[in-house]
Amino acid sequence: MPCQHYKEALIDAAASGSEPRGELRAHLDACTACRAAFEQEQSLFASIDAGLHVTANAEVPASLLPRVRARLDKASAPRRIWAANWLVLASAAAIIVALFVTRAVWRPSTVQSPVETAGNSSEPPKVTPSPQNQIPVVVPPAVKNSDSPHQVAIARNPAEHATSPMGKTMPEVLVPRDQEVLLANYAEQWRLRKRAPLVAKDADATILALLQVAPIQIAELDVKPLAEEISQ
Amino acid sequence: MQELVLVQPGRTAGGELEHEAAQTDIRREFEQRLAECGPLAYRVARGVLRNSADAEDVAQEALLRAYRRFEHLRDRNRFRAWLVRIAFRLALDRLRSAKRRELRDTLWSQPEHHPPAVNAEDLAALNEFQTHLDVALAELPKKLRLVLLLAAMEGHTIDEIASMLGISTGTVKSRIFYARRQLAEKLRCHANIIKKR
């Protein structure tokens with residue numbers, strides 16, 4: 001049995017791995033029991049260190065890195081699938097937008113047809129660049145019949161509904177051929193989070209063209225009673 | 001009639017190429033660290049779990065998480081420390097859930113302080129003292145355990161551990177000292193096993 005007075009000091013010395021000094025050294029030289037206890041503690045700590053070395057330096061399975069690489073590859077794959085799905089959705093949205101845009105563009109022409117037969121010109125829409133901000137304004141062909149009460153001002157930003165601050169979420173939109181570059185520039189400014197180059201309140205009223213829509217001409221209606229009404 | 005074209009304003013081929021190139025760079029950089037730090041993640045997990053199969057699962061998960069967040073890691077020189085912490089935390093989580101499962105399912109059939117199920121390979125590798133040591137190690141406080149494991153791993157100096165864990169060298173030394181003392185307290189009763197060895 002080691003001397004109680006030196007017991008903790010012996011353990012601390014063995015735990016720290018340092019050689020005993022001073023009073024403890026002198027006691028160990030004089031006390032056989034404490035020297036034996038100290039050697040036993042040193043043996044215990046040596047065994048602990050050896051065991052820790054075994055635990056901490058376990059052989060790494062050869063399969064670890066290949067499996068990790070395979071999982072990394074898999075982790076990248078779903079993104080591509082997700083991206084493909086996103087593209088499908090974006091394409092569907094673009095088709096819908098394109099349909100609306102096409103319909104909006106074509107409607108005046110179809111309405112105008114009867115007017116054209118009455119002698120009005122059917123010029124294609126003109127693109128008038130704005131002197132201040134270089135954003136074109138779509139000016140549909142003017143209708144000569146100025147008596148029409150239907151006047152609609154159009155100053156539509158081509159990218160108004162198609163762009164968002166995040167460029168990568170842009171849907172596809174239909175634009176006139178000569179406005180393609182302008183739209184790209186506009187979208188780029190959005191992407192860079194700059195102020196939009198055109199907002200409606202800044203637009204000069206003088207450049208807002210007035211669209212005169214010809215009155216819809218409907219042939220005389222021939223109203224016929226329903227079959228049930230006839231029987232009654 | 002005016003000709004219309006279908007365009008996607010924000011989409012530029014250059015941007016996509018840049019993104020792909022950045023991803024390739026990240027993967028390449030991660031691969032370089034993977035070979036160096038993969039074993040470290042495994043050993044940290046193995047030191048906590050004492051089970052090769054579980055340790056491999058945890059190491060894989062830790063590396064995968066590290067990869068997913070790699071581009072957000074500002075100081076890439078801290079990758080080792082970061083990975084060690086991820087692996088250690090995941091291993092502790094796995095150990096806790098394993099203990100809960102063990103308690104719930106097979107408490108009646110398990111002797112006290114029996115380590116989690118180990119495979120034949122592990123059983124052959126472990127002797128009795130090693131088993132007691134692993135159990136004692138598992139009972140150490142987390143902070144002491146991690147420092148002791150890292151100190152026992154080949155090639156880790158006190159300074160490296162301090163740098164890895166963001167603590168002073170004095171703290172590392174004191175944690176190692178207290179960890180070894182606590183292990184000795186738990187294992188002193190098994191001194192006869194040591195004498196036999």
# chains A, B, ... in the order shown; residues from 1 in each chain; ligands from 1
call {"tool": "residues_around", "arguments": {"residues": "Val172 of chain B", "least_positions_apart": "5", "cutoff": "8 Å", "atoms": "only C-alpha atoms", "output": "ChimeraX atom specification"}}
result
/B:147,158,161-162,167
call {"tool": "closest_residue", "arguments": {"among": "A:Ala93, A:Ala9, A:Leu72, A:Ala219", "to": "chain B", "atoms": "only C-alpha atoms"}}
result
A:Leu72
call {"tool": "residues_around", "arguments": {"residues": "segment 10-19 of chain A", "least_positions_apart": "4", "cutoff": "10 Å", "atoms": "only C-alpha atoms", "output": "JSON, numbers by chain"}}
result
{"A": [2, 3, 5, 6, 24, 25, 28, 34, 35, 37, 38, 39, 40, 41, 42, 43, 44, 45, 46], "B": [173, 174, 176, 177, 178, 179, 180, 181, 182, 183, 184, 185]}
call {"tool": "residues_around", "arguments": {"residues": "segment 23-25 of chain B", "least_positions_apart": "2", "cutoff": "12 Å", "atoms": "only C-alpha atoms", "output": "number ranges by chain"}}
result
A: 73, 76; B: 16-21, 27-32, 67-68, 70-71
call {"tool": "residues_around", "arguments": {"residues": "Leu165 of chain B", "least_positions_apart": "6", "cutoff": "12 Å", "atoms": "only C-alpha atoms", "output": "ChimeraX atom specification"}}
result
/B:78-85,88,143-144,146-147,150-151,158-159,171-172
call {"tool": "atom_distance", "arguments": {"atom1": "atom CA of Asn185 of chain A", "atom2": "atom CA of Leu89 of chain A"}}
result
24.9 Å
call {"tool": "closest_residue", "arguments": {"among": "B:Asp54, B:Glu139, B:Glu61, B:Asp75", "to": "chain A", "atoms": "only C-alpha atoms"}}
result
B:Glu61
